$ cat upload_2.pdb   # PDB, C-alpha atoms
ATOM      1  CA  MET B1061      29.651 -24.677   5.759
ATOM      2  CA  SER B1062      26.485 -22.650   5.228
ATOM      3  CA  LYS B1063      24.162 -23.827   2.480
ATOM      4  CA  ALA B1064      21.044 -22.287   0.941
ATOM      5  CA  ILE B1065      18.622 -22.959  -1.876
ATOM      6  CA  PHE B1066      17.487 -19.775  -3.591
ATOM      7  CA  GLU B1067      13.844 -19.906  -4.600
ATOM      8  CA  THR B1068      12.276 -18.274  -7.669
ATOM      9  CA  ARG B1069      11.026 -15.188  -5.842
ATOM     10  CA  PHE B1070      14.594 -14.304  -4.817
ATOM     11  CA  PHE B1071      15.560 -14.066  -8.485
ATOM     12  CA  ILE B1072      12.413 -12.161  -9.440
ATOM     13  CA  HIS B1073      13.325  -9.509  -6.868
ATOM     14  CA  PHE B1074      17.037  -9.668  -7.730
ATOM     15  CA  PHE B1075      16.558  -9.147 -11.462
ATOM     16  CA  SER B1076      13.544  -6.819 -11.348
ATOM     17  CA  SER B1077      13.743  -4.596  -8.277
ATOM     18  CA  PRO B1078      14.185  -0.918  -9.136
ATOM     19  CA  ASP B1079      15.225  -0.261  -5.515
ATOM     20  CA  PRO B1080      19.043  -0.195  -5.141
ATOM     21  CA  LYS B1081      18.749  -0.783  -1.379
ATOM     22  CA  GLU B1082      16.749  -3.971  -1.900
ATOM     23  CA  HIS B1083      19.195  -5.146  -4.566
ATOM     24  CA  ARG B1084      22.119  -4.553  -2.176
ATOM     25  CA  GLN B1085      20.336  -6.449   0.614
ATOM     26  CA  LEU B1086      19.699  -9.387  -1.727
ATOM     27  CA  LEU B1087      23.380  -9.452  -2.713
ATOM     28  CA  GLU B1088      24.406  -9.400   0.950
ATOM     29  CA  LEU B1089      22.004 -12.235   1.726
ATOM     30  CA  MET B1090      23.361 -14.237  -1.202
ATOM     31  CA  ARG B1091      26.968 -13.768  -0.067
ATOM     32  CA  LYS B1092      26.200 -15.149   3.410
ATOM     33  CA  TYR B1093      26.167 -18.682   2.047
ATOM     34  CA  ASP B1094      29.209 -20.732   1.043
ATOM     35  CA  ARG B1095      27.089 -23.108  -1.038
ATOM     36  CA  ARG B1096      24.386 -21.467  -3.106
ATOM     37  CA  LEU B1097      21.961 -23.873  -4.738
ATOM     38  CA  VAL B1098      19.102 -23.487  -7.181
ATOM     39  CA  SER B1099      16.439 -26.008  -8.160
ATOM     40  CA  ALA B1100      15.856 -26.933 -11.785
ATOM     41  CA  ILE B1101      12.261 -25.826 -11.083
ATOM     42  CA  THR B1102      13.514 -22.282 -10.433
ATOM     43  CA  ILE B1103      15.468 -22.372 -13.702
ATOM     44  CA  PHE B1104      12.201 -23.214 -15.490
ATOM     45  CA  GLU B1105      10.254 -20.474 -13.724
ATOM     46  CA  ILE B1106      12.848 -17.717 -14.204
ATOM     47  CA  TYR B1107      13.351 -18.621 -17.862
ATOM     48  CA  LYS B1108       9.602 -18.645 -18.489
ATOM     49  CA  ILE B1109       8.950 -15.338 -16.704
ATOM     50  CA  SER B1110      11.929 -13.619 -18.340
ATOM     51  CA  LEU B1111      10.990 -14.961 -21.782
ATOM     52  CA  GLU B1112       7.427 -13.669 -21.439
ATOM     53  CA  ARG B1113       8.386 -10.246 -20.027
ATOM     54  CA  GLU B1114      11.722  -9.363 -21.649
ATOM     55  CA  GLY B1115      12.399 -11.906 -24.390
ATOM     56  CA  LYS B1116      14.692 -14.815 -25.153
ATOM     57  CA  GLU B1117      18.005 -12.932 -24.902
ATOM     58  CA  THR B1118      17.261 -11.718 -21.368
ATOM     59  CA  ALA B1119      16.015 -15.178 -20.358
ATOM     60  CA  GLU B1120      19.217 -16.800 -21.680
ATOM     61  CA  THR B1121      21.447 -14.211 -19.966
ATOM     62  CA  ARG B1122      19.711 -14.656 -16.599
ATOM     63  CA  ILE B1123      19.843 -18.448 -16.690
ATOM     64  CA  SER B1124      23.498 -18.360 -17.698
ATOM     65  CA  ARG B1125      24.292 -16.097 -14.751
ATOM     66  CA  ILE B1126      22.352 -18.260 -12.299
ATOM     67  CA  LYS B1127      24.102 -21.428 -13.509
ATOM     68  CA  ARG B1128      27.519 -19.756 -13.119
ATOM     69  CA  GLU B1129      26.892 -18.601  -9.547
ATOM     70  CA  PHE B1130      24.686 -21.385  -8.137
ATOM     71  CA  GLY B1131      24.889 -25.159  -7.974
ATOM     72  CA  LEU B1132      22.025 -26.734  -9.909
ATOM     73  CA  VAL B1133      19.924 -29.361  -8.118
ATOM     74  CA  SER B1134      17.809 -31.618 -10.305
ATOM     75  CA  VAL B1135      14.481 -33.009  -9.214
ATOM     76  CA  ASP B1136      14.966 -36.724  -8.729
ATOM     77  CA  ASP B1137      12.586 -39.343  -7.379
ATOM     78  CA  ALA B1138      13.545 -38.704  -3.727
ATOM     79  CA  ILE B1139      12.828 -34.968  -4.037
ATOM     80  CA  ALA B1140       9.615 -35.676  -5.970
ATOM     81  CA  VAL B1141       8.302 -38.002  -3.242
ATOM     82  CA  LEU B1142       9.324 -35.615  -0.443
ATOM     83  CA  GLY B1143       7.661 -32.745  -2.325
ATOM     84  CA  ALA B1144       4.418 -34.708  -2.540
ATOM     85  CA  GLN B1145       4.619 -35.493   1.186
ATOM     86  CA  LEU B1146       5.194 -31.834   2.089
ATOM     87  CA  LYS B1147       2.356 -30.696  -0.190
ATOM     88  CA  HIS B1148       0.037 -33.249   1.390
ATOM     89  CA  ALA B1149       1.046 -32.235   4.935
ATOM     90  CA  VAL B1150       0.192 -28.583   4.241
ATOM     91  CA  LYS B1151      -3.183 -29.641   2.821
ATOM     92  CA  VAL B1152      -3.970 -31.845   5.839
ATOM     93  CA  GLN B1153      -2.613 -29.538   8.557
ATOM     94  CA  ARG B1154      -3.645 -26.161   7.172
ATOM     95  CA  GLY B1155      -6.321 -26.942   4.609
ATOM     96  CA  GLN B1156      -4.305 -25.070   1.970
ATOM     97  CA  ASP B1157      -3.195 -26.199  -1.434
ATOM     98  CA  MET B1158       0.424 -25.534  -2.249
ATOM     99  CA  PRO B1159       1.737 -25.074  -5.787
ATOM    100  CA  MET B1160       3.715 -28.054  -7.050
ATOM    101  CA  ALA B1161       6.763 -25.876  -7.840
ATOM    102  CA  ASP B1162       6.906 -24.551  -4.270
ATOM    103  CA  SER B1163       6.510 -28.088  -2.899
ATOM    104  CA  LEU B1164       9.442 -29.319  -4.988
ATOM    105  CA  ILE B1165      11.684 -26.370  -4.109
ATOM    106  CA  ALA B1166      10.845 -26.815  -0.417
ATOM    107  CA  ALA B1167      11.628 -30.523  -0.714
ATOM    108  CA  THR B1168      14.961 -29.665  -2.348
ATOM    109  CA  SER B1169      15.727 -27.427   0.624
ATOM    110  CA  VAL B1170      14.823 -30.088   3.191
ATOM    111  CA  PHE B1171      16.580 -32.896   1.286
ATOM    112  CA  ASN B1172      19.802 -30.863   1.030
ATOM    113  CA  LYS B1173      19.554 -29.574   4.623
ATOM    114  CA  ALA B1174      19.723 -26.046   3.245
ATOM    115  CA  VAL B1175      18.018 -22.803   4.225
ATOM    116  CA  CYS B1176      15.439 -21.668   1.663
ATOM    117  CA  VAL B1177      15.932 -18.043   0.629
ATOM    118  CA  THR B1178      12.473 -16.745  -0.306
ATOM    119  CA  ASP B1179       9.607 -14.502   0.679
ATOM    120  CA  SER B1180       7.044 -17.049  -0.526
ATOM    121  CA  PRO B1181       4.025 -17.291   1.766
ATOM    122  CA  HIS B1182       3.560 -20.900   0.635
ATOM    123  CA  ILE B1183       6.905 -21.934   2.080
ATOM    124  CA  ASP B1184       6.052 -20.156   5.332
ATOM    125  CA  ASN B1185       3.381 -22.842   5.774
ATOM    126  CA  MET B1186       5.993 -25.590   5.992
ATOM    127  CA  SER B1187       7.510 -26.048   9.432
ATOM    128  CA  GLN B1188      10.156 -28.420   8.029
ATOM    129  CA  VAL B1189      11.714 -25.639   5.914
ATOM    130  CA  LYS B1190      14.072 -23.043   7.406
ATOM    131  CA  ARG B1191      13.364 -19.809   5.541
ATOM    132  CA  ARG B1192      15.356 -16.561   5.290
ATOM    133  CA  TRP B1193      14.598 -13.223   3.684
ATOM    134  CA  ILE B1194      15.842  -9.655   3.775
ATOM    135  CA  LYS B1195      12.872  -8.192   5.618
TER     136      LYS B1195
END

$ encode --input "upload_2.pdb" --output "structure tokens"
Amino acid sequence: MSKAIFETRFFIHFFSSPDPKEHRQLLELMRKYDRRLVSAITIFEIYKISLEREGKETAETRISRIKREFGLVSVDDAIAVLGAQLKHAVKVQRGQDMPMADSLIAATSVFNKAVCVTDSPHIDNMSQVKRRWIK
């Protein structure tokens, strides 16, 4: 069974891209996975961005759609610790600071043995994470 965690940037592109070709490619990528997961961190980020840009109704509609089509993964203590370890490894190995949200989403991907669907350059810095994107 194929499994993927869809990171915040996937949804930003999915909900905001004016390019029908890109939207179609994102849908095709999404459909490749039997189990589609989303981190609670991504729910926070998409709600916040949508609320700021388009308002509460759009934010509620988007989150409702995501929760219908994706399995929600909470951040528990195991994911929190793994996220801190991944963030630290990037700092030590590459001298780069990684945002906490990206560290936790990456940890969710590793913990669940799932591909991470994103175009985030921060997640590219993590050799432990298998990343996929449309381009």

$ axis_aligned_box --input "upload_2.pdb" --around "segment 1107-1113 of chain B" --padding-each-side "6 Å" --output "lines of an AutoDock Vina configuration file"
center_x = 10.4
center_y = -14.4
center_z = -19.2
size_x = 17.9
size_y = 20.4
size_z = 17.1

$ closest_residue --input "upload_2.pdb" --among "B:Ser1163, B:Lys1081, B:Ser1124, B:Asp1094" --to "Ala1149 of chain B" --atoms "all atoms listed in the file"
B:Ser1163

$ residues_around --input "upload_2.pdb" --residues "segment 1125-1128 of chain B" --least-positions-apart "4" --cutoff "9 Å" --atoms "only C-alpha atoms" --output "compact mmCIF listing (two decimals) with C-alpha atoms, keeping the file's coordinate frame"
# COMPACT_ATOMS: atom_id res chain seq x y z
CA PHE B 1071 15.56 -14.07 -8.48
CA VAL B 1098 19.10 -23.49 -7.18
CA ILE B 1103 15.47 -22.37 -13.70
CA GLU B 1120 19.22 -16.80 -21.68
CA THR B 1121 21.45 -14.21 -19.97
CA LEU B 1132 22.02 -26.73 -9.91

$ atom_distance --input "upload_2.pdb" --atom1 "atom CA of Thr1118 of chain B" --atom2 "atom CA of Lys1092 of chain B"
26.6 Å

$ residues_around --input "upload_2.pdb" --residues "Ile1072 of chain B" --least-positions-apart "3" --cutoff "10 Å" --atoms "all atoms listed in the file" --output "number ranges by chain"
B: 1067-1069, 1075-1077, 1105-1106, 1109-1110

$ closest_residue --input "upload_2.pdb" --among "B:Arg1095, B:Gln1145, B:His1182, B:Met1090" --to "Ala1161 of chain B" --atoms "only C-alpha atoms"
B:His1182

$ atom_distance --input "upload_2.pdb" --atom1 "atom CA of Arg1192 of chain B" --atom2 "atom CA of Leu1089 of chain B"
8.7 Å

$ atom_distance --input "upload_2.pdb" --atom1 "atom CA of Arg1191 of chain B" --atom2 "atom CA of Arg1122 of chain B"
23.6 Å

$ closest_residue --input "upload_2.pdb" --among "B:Glu1129, B:Ala1174, B:Ser1187, B:Asp1137" --to "Arg1154 of chain B" --atoms "all atoms listed in the file"
B:Ser1187

$ resolve_selection --input "upload_2.pdb" --expression "the PyMOL selection byres ((chain B and resi 1193) around 9)" --output "JSON list (two decimals) with C-alpha atoms, in the frame of the given file"
[["chain", "number", "residue", "atom", "x", "y", "z"],
["B", 1070, "PHE", "CA", 14.59, -14.30, -4.82],
["B", 1086, "LEU", "CA", 19.70, -9.39, -1.73],
["B", 1089, "LEU", "CA", 22.00, -12.24, 1.73],
["B", 1176, "CYS", "CA", 15.44, -21.67, 1.66],
["B", 1177, "VAL", "CA", 15.93, -18.04, 0.63],
["B", 1178, "THR", "CA", 12.47, -16.74, -0.31],
["B", 1179, "ASP", "CA", 9.61, -14.50, 0.68],
["B", 1191, "ARG", "CA", 13.36, -19.81, 5.54],
["B", 1192, "ARG", "CA", 15.36, -16.56, 5.29],
["B", 1194, "ILE", "CA", 15.84, -9.65, 3.78],
["B", 1195, "LYS", "CA", 12.87, -8.19, 5.62]]

$ residues_around --input "upload_2.pdb" --residues "Ala1140 of chain B" --least-positions-apart "4" --cutoff "12 Å" --atoms "all atoms listed in the file" --output "PyMOL selection string"
chain B and resi 1101+1134-1136+1144-1147+1160-1168+1170-1171

$ closest_residue --input "upload_2.pdb" --among "B:Lys1190, B:Ile1123, B:Ser1180, B:Glu1117" --to "His1073 of chain B" --atoms "all atoms listed in the file"
B:Ser1180

$ closest_residue --input "upload_2.pdb" --among "B:Phe1074, B:Asn1185, B:Tyr1093, B:Lys1173" --to "Met1158 of chain B" --atoms "all atoms listed in the file"
B:Asn1185

$ residues_around --input "upload_2.pdb" --residues "Leu1097 of chain B" --least-positions-apart "3" --cutoff "9 Å" --atoms "all atoms listed in the file" --output "PyMOL selection string"
chain B and resi 1063-1066+1129-1133+1169+1174
